[in-house]
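What follows is the content of my_file30.csv, which has CSV, C-alpha atoms:
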```
chain,number,residue,atom,x,y,z
A,127,MET,CA,100.0,72.5,103.3
A,128,ALA,CA,102.5,72.0,100.5
A,129,GLU,CA,105.8,73.9,100.9
A,130,PHE,CA,105.8,77.1,99.0
A,131,ASN,CA,107.9,76.9,95.8
A,132,PRO,CA,108.6,80.2,94.0
A,133,TRP,CA,109.7,78.6,90.8
A,134,GLN,CA,106.4,76.6,90.5
A,135,MET,CA,104.5,79.8,91.2
A,136,ALA,CA,106.5,81.7,88.5
A,137,LEU,CA,105.7,79.0,86.0
A,138,GLN,CA,102.0,79.0,87.0
A,139,GLN,CA,101.9,82.7,86.5
A,140,PHE,CA,103.7,82.4,83.2
A,141,HIS,CA,101.3,79.8,81.7
A,142,GLN,CA,98.3,81.8,82.9
A,143,ALA,CA,99.7,85.0,81.2
A,144,ALA,CA,100.7,83.0,78.1
A,145,ASP,CA,97.1,81.9,77.7
A,146,VAL,CA,96.0,85.5,77.5
A,147,ILE,CA,98.0,86.1,74.4
A,148,GLY,CA,97.6,82.6,72.9
A,149,LEU,CA,101.4,81.9,73.1
A,150,ASP,CA,102.3,78.8,70.9
A,151,ASP,CA,103.8,75.7,72.5
A,152,THR,CA,107.3,76.1,71.1
A,153,MET,CA,107.7,79.6,72.5
A,154,ARG,CA,106.2,78.4,75.8
A,155,ASP,CA,108.9,75.8,76.0
A,156,VAL,CA,111.6,78.3,75.3
A,157,LEU,CA,110.5,80.9,77.8
A,158,SER,CA,109.6,78.5,80.5
A,159,HIS,CA,113.2,77.4,80.9
A,160,CYS,CA,116.2,79.3,82.2
A,161,GLN,CA,119.0,79.7,79.6
A,162,ARG,CA,121.9,79.3,82.1
A,163,GLU,CA,122.2,78.1,85.6
A,164,LEU,CA,125.5,78.2,87.5
A,165,ILE,CA,125.9,76.6,90.9
A,166,VAL,CA,129.1,77.2,92.7
A,167,ASN,CA,130.5,75.7,96.0
A,168,PHE,CA,133.4,77.8,97.2
A,169,PRO,CA,135.7,78.0,100.3
A,170,VAL,CA,136.0,81.2,102.2
A,171,ARG,CA,138.7,82.0,104.8
A,172,MET,CA,137.1,82.9,108.2
A,173,ASP,CA,138.6,85.1,110.8
A,174,ASP,CA,139.9,82.2,112.9
A,175,GLY,CA,141.9,80.9,109.9
A,176,SER,CA,139.6,78.1,109.1
A,177,PHE,CA,137.7,77.7,105.8
A,178,LYS,CA,134.0,77.3,105.3
A,179,VAL,CA,132.3,76.2,102.0
A,180,PHE,CA,129.3,78.2,100.8
A,181,THR,CA,126.9,77.6,97.9
A,182,GLY,CA,126.0,80.3,95.5
A,183,TYR,CA,123.9,80.6,92.3
A,184,ARG,CA,123.7,82.8,89.2
A,185,VAL,CA,120.8,82.1,86.9
A,186,GLN,CA,120.2,83.8,83.5
A,187,HIS,CA,116.6,83.3,82.4
A,188,ASN,CA,116.6,85.1,79.1
A,189,ASP,CA,118.7,87.6,77.2
A,190,ALA,CA,116.6,88.0,74.0
A,191,ARG,CA,116.1,91.7,74.5
A,192,GLY,CA,119.5,92.6,75.9
A,193,PRO,CA,122.1,91.7,78.6
A,194,ALA,CA,120.8,89.8,81.6
A,195,LYS,CA,120.1,92.0,84.7
A,196,GLY,CA,119.3,91.1,88.2
A,197,GLY,CA,120.3,91.4,91.9
A,198,ILE,CA,122.4,89.2,94.2
A,199,ARG,CA,120.9,88.3,97.6
A,200,TYR,CA,122.6,86.8,100.6
A,201,SER,CA,120.2,84.8,102.7
A,202,PRO,CA,120.3,81.4,104.5
A,203,ASP,CA,117.1,80.5,102.7
A,204,VAL,CA,118.4,81.0,99.1
A,205,THR,CA,117.6,78.0,96.9
A,206,LEU,CA,118.1,77.3,93.2
A,207,ASP,CA,114.3,77.4,92.6
A,208,GLU,CA,114.0,80.8,94.3
A,209,ILE,CA,116.8,82.2,92.1
A,210,ARG,CA,115.2,80.7,89.0
A,211,ALA,CA,111.9,82.4,89.8
A,212,LEU,CA,113.5,85.7,90.5
A,213,ALA,CA,115.4,85.5,87.2
A,214,MET,CA,112.2,84.9,85.3
A,215,TRP,CA,110.4,87.7,87.0
A,216,MET,CA,113.3,90.0,86.1
A,217,THR,CA,112.9,89.1,82.5
A,218,TRP,CA,109.2,90.2,82.6
A,219,LYS,CA,110.1,93.2,84.8
A,220,THR,CA,112.6,94.6,82.3
A,221,ALA,CA,110.2,93.9,79.4
A,222,VAL,CA,107.2,95.6,81.1
A,223,VAL,CA,109.1,98.8,81.6
A,224,ASN,CA,110.5,98.4,78.1
A,225,ILE,CA,114.2,98.7,78.8
A,226,PRO,CA,116.8,96.6,76.8
A,227,PHE,CA,117.7,94.0,79.4
A,228,GLY,CA,116.9,90.4,80.0
A,229,GLY,CA,116.5,88.7,83.4
A,230,ALA,CA,118.9,87.2,85.8
A,231,LYS,CA,119.4,86.7,89.6
A,232,GLY,CA,122.0,85.5,91.9
A,233,GLY,CA,122.4,84.5,95.6
A,234,VAL,CA,124.5,82.9,98.2
A,235,ALA,CA,123.1,80.7,101.0
A,236,VAL,CA,124.5,82.6,104.0
A,237,ASP,CA,123.4,84.5,107.1
A,238,VAL,CA,125.3,87.7,106.9
A,239,ASP,CA,124.6,88.5,110.6
A,240,LYS,CA,127.0,85.7,111.4
A,241,LEU,CA,129.9,87.1,109.3
A,242,SER,CA,132.4,89.8,110.3
A,243,PRO,CA,133.0,92.6,107.8
A,244,ARG,CA,136.2,90.9,106.6
A,245,GLU,CA,134.5,87.5,106.1
A,246,LEU,CA,131.7,89.3,104.2
A,247,GLU,CA,134.3,90.8,101.9
A,248,ASN,CA,136.1,87.5,101.5
A,249,LEU,CA,132.9,85.7,100.6
A,250,THR,CA,131.8,88.4,98.1
A,251,ARG,CA,135.1,88.6,96.3
A,252,ARG,CA,135.3,84.8,96.0
A,253,PHE,CA,131.7,84.5,94.8
A,254,ALA,CA,132.4,87.3,92.2
A,255,THR,CA,135.4,85.3,91.0
A,256,GLU,CA,133.3,82.2,90.7
A,257,ILE,CA,130.5,83.9,88.6
A,258,ALA,CA,132.9,86.1,86.6
A,259,ILE,CA,132.7,83.5,83.8
A,260,ILE,CA,129.1,84.5,83.0
A,261,ILE,CA,128.8,88.2,84.1
A,262,GLY,CA,130.1,91.3,82.4
A,263,PRO,CA,129.1,94.8,81.4
A,264,ARG,CA,127.4,93.6,78.2
A,265,ARG,CA,126.6,90.1,79.3
A,266,ASP,CA,125.0,90.1,82.8
A,267,ILE,CA,125.0,93.0,85.3
A,268,PRO,CA,124.3,92.3,89.0
A,269,ALA,CA,122.9,94.7,91.5
A,270,PRO,CA,122.0,94.7,95.3
A,271,ASP,CA,119.2,92.7,96.7
A,272,VAL,CA,118.4,91.2,100.1
A,273,ASP,CA,121.3,91.8,102.5
A,274,THR,CA,123.6,93.2,99.8
A,275,ASP,CA,124.4,96.8,99.3
A,276,ALA,CA,126.5,99.4,97.5
A,277,GLN,CA,129.7,98.2,99.4
A,278,VAL,CA,129.1,94.6,98.2
A,279,MET,CA,128.7,95.9,94.6
A,280,ALA,CA,132.0,97.9,95.1
A,281,TRP,CA,133.8,94.7,96.0
A,282,ILE,CA,132.4,92.9,93.0
A,283,LEU,CA,133.3,95.8,90.7
A,284,ASP,CA,136.9,95.8,92.0
A,285,THR,CA,137.3,92.0,91.8
A,286,TYR,CA,135.9,91.8,88.3
A,287,SER,CA,138.1,94.8,87.2
A,288,MET,CA,141.2,93.2,88.6
A,289,HIS,CA,140.7,90.0,86.7
A,290,ALA,CA,139.7,91.9,83.5
A,291,GLY,CA,142.8,94.1,83.8
A,292,GLU,CA,140.8,97.3,83.2
A,293,TRP,CA,138.1,99.5,84.7
A,294,ALA,CA,134.7,97.8,84.4
A,295,GLY,CA,132.3,100.1,86.2
A,296,ALA,CA,129.3,99.0,84.2
A,297,VAL,CA,129.6,95.4,85.5
A,298,VAL,CA,127.3,96.2,88.4
A,299,THR,CA,124.8,98.8,89.3
A,300,GLY,CA,123.7,100.0,92.7
A,301,LYS,CA,127.4,100.8,93.6
A,302,PRO,CA,128.6,103.9,95.5
A,303,VAL,CA,128.2,107.2,93.8
A,304,GLU,CA,131.9,107.8,94.1
A,305,LEU,CA,132.4,104.7,91.8
A,306,GLY,CA,129.9,105.7,89.1
A,307,GLY,CA,126.7,104.8,91.0
A,308,CYS,CA,123.5,106.7,90.7
A,309,PRO,CA,122.4,109.0,93.6
A,310,VAL,CA,118.8,107.8,93.1
A,311,ARG,CA,119.6,104.1,93.2
A,312,GLU,CA,119.1,103.6,96.9
A,313,ILE,CA,115.5,104.9,96.8
A,314,ALA,CA,114.7,103.8,93.2
A,315,THR,CA,112.6,100.8,94.0
A,316,SER,CA,110.5,102.7,96.5
A,317,LEU,CA,110.3,105.8,94.2
A,318,GLY,CA,109.0,103.6,91.4
A,319,CYS,CA,106.5,102.2,93.8
A,320,LEU,CA,105.4,105.7,94.7
A,321,TYR,CA,105.1,106.8,91.1
A,322,THR,CA,102.9,103.9,90.1
A,323,THR,CA,100.7,104.1,93.2
A,324,ARG,CA,100.2,107.8,92.6
A,325,ARG,CA,99.2,107.0,89.0
A,326,LEU,CA,96.7,104.4,90.3
A,327,CYS,CA,95.2,106.8,92.9
A,328,GLN,CA,94.7,109.3,90.1
A,329,LYS,CA,93.0,106.7,88.0
A,330,LEU,CA,90.7,105.6,90.9
A,331,GLY,CA,89.9,109.2,92.0
A,332,MET,CA,91.7,108.6,95.3
A,333,SER,CA,94.0,111.1,97.1
A,334,LEU,CA,97.3,109.8,98.3
A,335,LYS,CA,97.4,112.6,100.8
A,336,GLY,CA,95.9,111.3,104.0
A,337,ALA,CA,95.7,107.7,102.7
A,338,LYS,CA,96.5,105.1,105.3
A,339,VAL,CA,99.5,102.9,104.3
A,340,SER,CA,100.7,99.6,105.8
A,341,ILE,CA,104.2,98.3,105.0
A,342,GLN,CA,105.1,94.7,105.5
A,343,GLY,CA,108.9,94.4,105.5
A,344,PHE,CA,111.2,97.2,106.5
A,345,GLY,CA,114.4,96.6,104.6
A,346,ASN,CA,115.6,99.1,102.0
A,347,ALA,CA,112.4,99.1,99.9
A,348,GLY,CA,110.0,99.2,102.9
A,349,LEU,CA,112.0,101.9,104.8
A,350,TYR,CA,112.2,104.3,101.8
A,351,ALA,CA,108.6,103.6,100.9
A,352,ALA,CA,107.6,104.8,104.4
A,353,VAL,CA,109.7,107.9,104.0
A,354,LEU,CA,108.6,108.8,100.4
A,355,PHE,CA,104.9,108.0,100.9
A,356,ALA,CA,104.9,110.1,104.1
A,357,GLN,CA,106.6,113.0,102.2
A,358,ASP,CA,103.7,112.7,99.7
A,359,GLY,CA,101.2,113.2,102.5
A,360,ALA,CA,100.2,109.6,103.3
A,361,THR,CA,99.8,108.3,106.9
A,362,ILE,CA,101.9,105.3,107.7
A,363,VAL,CA,99.8,103.3,110.1
A,364,ALA,CA,101.7,100.0,110.3
A,365,ALA,CA,105.1,98.5,109.5
A,366,SER,CA,106.9,95.2,110.3
A,367,ASP,CA,110.2,93.4,110.0
A,368,THR,CA,111.3,90.0,111.2
A,369,SER,CA,111.1,91.2,114.9
A,370,GLY,CA,107.4,91.9,114.6
A,371,GLY,CA,104.9,94.6,113.6
A,372,VAL,CA,103.9,98.0,115.0
A,373,TYR,CA,100.5,99.6,114.5
A,374,ASN,CA,99.0,102.9,115.3
A,375,PRO,CA,95.7,103.9,113.5
A,376,LYS,CA,96.6,107.6,114.0
A,377,GLY,CA,99.9,107.2,112.3
A,378,LEU,CA,103.5,106.3,113.1
A,379,ASP,CA,106.3,108.8,113.4
A,380,VAL,CA,108.3,107.8,110.3
A,381,GLN,CA,111.5,109.6,111.3
A,382,GLU,CA,111.5,107.8,114.7
A,383,LEU,CA,110.6,104.5,112.9
A,384,VAL,CA,113.6,104.9,110.7
A,385,ARG,CA,115.9,105.8,113.6
A,386,VAL,CA,114.8,102.8,115.6
A,387,LYS,CA,115.3,100.5,112.6
A,388,ARG,CA,118.8,101.8,111.8
A,389,GLU,CA,120.0,102.0,115.4
A,390,THR,CA,118.5,98.8,116.9
A,391,ARG,CA,117.7,96.8,113.7
A,392,LYS,CA,114.3,95.8,115.2
A,393,LEU,CA,111.1,97.7,114.6
A,394,ILE,CA,109.6,96.1,117.7
A,395,ASN,CA,111.6,98.6,119.7
A,396,TYR,CA,109.4,101.4,118.4
A,397,LYS,CA,107.4,102.5,121.5
A,398,ASP,CA,104.3,104.6,120.4
A,399,ALA,CA,102.3,101.8,118.8
A,400,ASP,CA,100.6,98.5,119.4
A,401,HIS,CA,102.9,95.5,118.9
A,402,ILE,CA,101.4,92.9,116.6
A,403,ALA,CA,102.7,89.9,114.7
A,404,SER,CA,104.6,90.6,111.4
A,405,HIS,CA,101.9,88.9,109.3
A,406,GLU,CA,99.1,91.0,110.9
A,407,VAL,CA,100.4,94.1,109.3
A,408,LEU,CA,99.0,92.7,106.0
A,409,GLU,CA,95.5,92.7,107.6
A,410,VAL,CA,95.2,96.0,109.3
A,411,ASP,CA,92.7,98.7,108.3
A,412,CYS,CA,94.4,100.7,105.6
A,413,ASP,CA,93.9,102.1,102.1
A,414,ILE,CA,97.2,101.0,100.6
A,415,LEU,CA,99.2,97.9,101.5
A,416,ILE,CA,102.8,97.6,100.5
A,417,PRO,CA,104.3,94.1,100.8
A,418,ALA,CA,108.0,94.8,100.8
A,419,ALA,CA,109.6,91.6,102.1
A,420,LEU,CA,109.8,88.2,100.5
A,421,GLU,CA,107.7,85.9,98.3
A,422,GLY,CA,104.4,84.2,99.0
A,423,VAL,CA,103.1,86.3,102.0
A,424,ILE,CA,99.6,86.9,100.5
A,425,THR,CA,97.9,83.6,99.9
A,426,GLU,CA,94.4,82.1,99.6
A,427,ALA,CA,94.5,81.7,103.4
A,428,ASN,CA,94.7,85.5,104.1
A,429,ALA,CA,93.6,87.2,100.9
A,430,ASP,CA,90.0,87.7,102.1
A,431,LYS,CA,91.4,89.4,105.2
A,432,ILE,CA,93.2,92.2,103.3
A,433,LYS,CA,91.3,95.5,104.0
A,434,ALA,CA,93.4,97.7,101.6
A,435,LYS,CA,91.9,99.1,98.4
A,436,ILE,CA,95.3,99.0,96.7
A,437,VAL,CA,98.1,96.5,97.0
A,438,SER,CA,101.4,97.9,95.7
A,439,GLU,CA,104.0,95.2,95.5
A,440,ALA,CA,107.5,96.5,96.4
A,441,ALA,CA,108.6,92.9,97.0
A,442,ASN,CA,109.0,90.2,94.4
A,443,GLY,CA,106.3,87.5,94.2
A,444,PRO,CA,104.4,88.4,97.5
A,445,THR,CA,101.0,87.3,96.2
A,446,THR,CA,100.2,83.8,95.0
A,447,PRO,CA,98.0,83.2,91.9
A,448,GLU,CA,95.2,81.9,94.1
A,449,ALA,CA,95.3,85.0,96.2
A,450,ASP,CA,95.4,87.2,93.1
A,451,GLN,CA,92.1,85.9,92.0
A,452,ILE,CA,90.5,86.4,95.4
A,453,LEU,CA,91.7,90.0,95.5
A,454,TYR,CA,90.6,90.7,92.0
A,455,GLU,CA,87.1,89.4,92.7
A,456,ARG,CA,86.9,91.5,95.8
A,457,GLY,CA,87.8,94.6,93.9
A,458,VAL,CA,91.2,95.1,95.5
A,459,VAL,CA,93.6,96.6,92.8
A,460,VAL,CA,97.0,95.1,92.8
A,461,ILE,CA,100.0,96.9,91.2
A,462,PRO,CA,102.0,93.7,90.4
A,463,ASP,CA,105.6,93.4,91.4
A,464,ILE,CA,107.1,93.5,87.9
A,465,LEU,CA,105.6,96.9,87.6
A,466,ALA,CA,105.4,98.4,91.1
A,467,ASN,CA,109.0,97.6,92.0
A,468,ALA,CA,110.6,98.0,88.6
A,469,GLY,CA,112.0,101.4,89.6
A,470,GLY,CA,115.1,99.7,90.8
A,471,VAL,CA,116.0,98.1,87.5
A,472,ALA,CA,114.9,101.2,85.6
A,473,VAL,CA,117.4,103.3,87.5
A,474,SER,CA,119.9,100.5,87.2
A,475,TYR,CA,119.5,100.9,83.4
A,476,LEU,CA,120.1,104.6,83.6
A,477,GLU,CA,123.2,104.0,85.8
A,478,TRP,CA,124.5,101.4,83.3
A,479,VAL,CA,124.0,103.8,80.3
A,480,GLN,CA,125.9,106.5,82.2
A,481,ASN,CA,128.7,104.1,83.0
A,482,LEU,CA,129.1,102.9,79.4
A,483,TYR,CA,129.3,106.5,78.1
A,484,SER,CA,131.0,108.2,81.1
A,485,PHE,CA,128.3,110.9,80.8
A,486,TYR,CA,126.3,111.6,84.0
A,487,TRP,CA,122.9,113.2,84.7
A,488,ASP,CA,122.1,115.0,87.9
A,489,GLU,CA,119.6,113.6,90.5
A,490,ASP,CA,116.6,115.6,89.2
A,491,GLU,CA,117.1,114.4,85.7
A,492,VAL,CA,117.3,110.7,86.8
A,493,LYS,CA,114.1,111.1,88.8
A,494,LYS,CA,112.4,112.8,85.8
A,495,GLN,CA,113.4,109.9,83.5
A,496,LEU,CA,112.3,107.3,86.0
A,497,GLU,CA,108.9,108.9,86.4
A,498,ARG,CA,108.5,109.0,82.7
A,499,ILE,CA,109.4,105.3,82.4
A,500,MET,CA,107.1,104.2,85.2
A,501,ASN,CA,104.1,106.2,84.1
A,502,LYS,CA,104.4,104.9,80.5
A,503,ALA,CA,104.7,101.3,81.8
A,504,PHE,CA,101.7,101.8,84.2
A,505,ASP,CA,99.6,103.1,81.3
A,506,ASP,CA,100.6,100.2,79.0
A,507,VAL,CA,99.7,97.6,81.6
A,508,PHE,CA,96.4,99.0,82.7
A,509,SER,CA,95.3,99.7,79.1
A,510,PHE,CA,96.2,96.1,78.3
A,511,ALA,CA,94.3,94.8,81.4
A,512,GLU,CA,91.2,96.7,80.2
A,513,GLU,CA,91.5,95.5,76.7
A,514,LYS,CA,91.9,91.8,77.6
A,515,LYS,CA,89.6,92.1,80.7
A,516,VAL,CA,92.2,90.5,83.0
A,517,ASN,CA,93.7,91.5,86.3
A,518,PRO,CA,96.8,93.8,86.2
A,519,ARG,CA,99.3,91.0,87.0
A,520,LEU,CA,98.1,88.9,84.1
A,521,ALA,CA,98.2,92.0,81.9
A,522,ALA,CA,101.7,93.0,83.0
A,523,GLN,CA,103.1,89.5,82.5
A,524,ALA,CA,101.2,88.9,79.2
A,525,LEU,CA,102.5,92.2,77.8
A,526,ALA,CA,106.0,91.4,78.9
A,527,ILE,CA,105.9,87.8,77.5
A,528,GLN,CA,104.6,89.2,74.2
A,529,ARG,CA,107.5,91.6,74.0
A,530,VAL,CA,110.1,88.9,74.8
A,531,ALA,CA,108.5,86.3,72.5
A,532,HIS,CA,108.5,88.9,69.7
A,533,ALA,CA,112.2,89.7,70.2
A,534,THR,CA,113.0,85.9,70.2
A,535,ARG,CA,111.2,85.4,66.9
A,536,LEU,CA,113.0,88.4,65.3
A,537,ARG,CA,116.3,87.0,66.4
A,538,GLY,CA,115.5,83.4,65.4
A,539,ILE,CA,116.9,80.2,66.7
A,540,TYR,CA,120.6,79.6,66.1
A,541,PRO,CA,121.7,77.4,64.4
A,542,PRO,CA,118.7,77.3,62.1
```
Rewrite the coordinates I just gave you, this time as structure tokens.
Amino acid sequence: MAEFNPWQMALQQFHQAADVIGLDDTMRDVLSHCQRELIVNFPVRMDDGSFKVFTGYRVQHNDARGPAKGGIRYSPDVTLDEIRALAMWMTWKTAVVNIPFGGAKGGVAVDVDKLSPRELENLTRRFATEIAIIIGPRRDIPAPDVDTDAQVMAWILDTYSMHAGEWAGAVVTGKPVELGGCPVREIATSLGCLYTTRRLCQKLGMSLKGAKVSIQGFGNAGLYAAVLFAQDGATIVAASDTSGGVYNPKGLDVQELVRVKRETRKLINYKDADHIASHEVLEVDCDILIPAALEGVITEANADKIKAKIVSEAANGPTTPEADQILYERGVVVIPDILANAGGVAVSYLEWVQNLYSFYWDEDEVKKQLERIMNKAFDDVFSFAEEKKVNPRLAAQALAIQRVAHATRLRGIYPP
């Protein structure tokens, strides 16, 4: 089997969606390339006094509709192709929810579990300095992603502000509330996933209350998805992380699940359930499947084993194009990643606006605005899918590409 390449998958998805709207060759060429790709190799002082060199990336795919926007992830598996793909998906994500951002992504190839808190801060501040030449409040705004959090964003904010010689709170989103962050940001991705899933359940005549939900991946998005869906009356029957999966057809105790994850970092330590392999969580008997981990987990090899009626993608790129077609033909409705998990970037946008104007909304107002944004985007995508007679992912990407292409044509190519 060929090694999974997220950039090749992103390009394949792009061309399939471009076919739906009959995108011309020139615009395909423009949008199938990333505008800027920065690779940095930088030394970090370790606790023992030695230095170690790390490799990091910041890729800006497109800024036709506004400043680039995208997270920073710390993972030993980070590659340039992964960051390229995630940057492209961010362009489509911001366009599909119709907020004035483009797409970017960043990352450092590092295992944070092997760093002390001081080493993590040293790495973050040096990486922020390296990419400061292309980020900025009106240029490119990072946010948390895999194994980065509000504290990491605080260090980036401080480092950038020190170099700029002025307060630059809008340079990152997902930062602590005390530094201008949004109180909804930590749950935003999961909340957006809940809102779009609710909307689909209404459309399909399903009830979310009592629906069986399986969650693959239990980082920030998966954990809060479990909490929020349970609060809405759903029954969480399975969950997994890198340690393995837990399954109980009668339902898992979500509070205990969260406690075990936070205290031991391993879901496999949850007792009142069957222990299964991480990938088996994708195939358990459920109504709603939420992939909330990394790319390429639903493939043509396991798509026919998915028992869920709805797949709501809290992760980026969890389903390959081949699997998409299998699920579509089987009648499984997929809420694609660039819609289902766009709650994070939508709230990031609201945080950014508040930072620029130093005018802040309360939590209820942010949730209300997020629900409005997500419901409008859902309706746009599913109406487009029905009009074009394509699956929701093709519809979401085609609609997003159409918006970005239109903005690019309006701006023109400089110099003429």
(request) Give as JSON, numbers by chain the set of residues within 10 Å of the point (104.2, 88.6, 81.5), where distances use the file's coordinates and all atoms listed in the file. (result) {"A": [139, 140, 141, 142, 143, 144, 146, 147, 214, 215, 217, 218, 219, 221, 222, 464, 519, 520, 521, 522, 523, 524, 525, 526, 527, 528, 529, 530]}
(message) Please list as JSON, numbers by chain every residue within 6 Å of region 300-305 of chain A, counting all atoms listed in the file and excluding residues in the same chain fewer than 5 positions away.
(response) {"A": [269, 276, 279, 280, 311]}
(request) Give as a ChimeraX atom specification every residue, naming chains and numbers as the document does, that has an atom within 7 Å of (104.1, 91.5, 94.6), counting all atoms listed in the file. (result) /A:417,439-445,462-463
(request) Can you work out the spacing between CA of Leu496 (chain A) and CA of Ala258 (chain A) in Å, to one decimal? (result)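 It comes out at 29.6 Å.
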(request) Between CA of Gly197 (chain A) and CA of Asp271 (chain A), measure the distance and give it in Å to one decimal. (result)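 So the answer is 5.1 Å.
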(message) Which residues are near Val238 (chain A)? Cut-off 8 Å, all atoms listed in the file, ignore same chain within fewer than 6 positions. Put them as a ChimeraX atom specification.
(response) /A:200-201,246,273
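Comparing A:Phe177, A:Trp133, A:Tyr321, A:Phe344 by their smallest distance to Ala213 (chain A), the closest is A:Trp133 (using only C-alpha atoms).
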(request) Mind giving me the straight-line distance from CA of Ala194 (chain A) to CA of Val473 (chain A) in Å, one decimal? (result)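 CA of Val473 (chain A) lies at a distance of 15.1 Å from CA of Ala194 (chain A).
Residues with any atom within 12 Å of Gln480 (chain A), counting only C-alpha atoms and excluding same-chain neighbours fewer than 2 positions away, are A:Gly295, A:Ala296, A:Thr299, A:Val303, A:Leu305, A:Gly306, A:Gly307, A:Cys308, A:Val473, A:Ser474, A:Tyr475, A:Leu476, A:Glu477, A:Trp478, A:Leu482, A:Tyr483, A:Ser484, A:Phe485, A:Tyr486, A:Trp487, A:Asp488, A:Val492.
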(message) Taking only C-alpha atoms into account, name the residue in A:Leu157, A:Val516, A:Ala230, A:Ile362 that is nearest to Ile267 (chain A).
(response)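 For Ile267 (chain A), the nearest of the candidates is A:Ala230.
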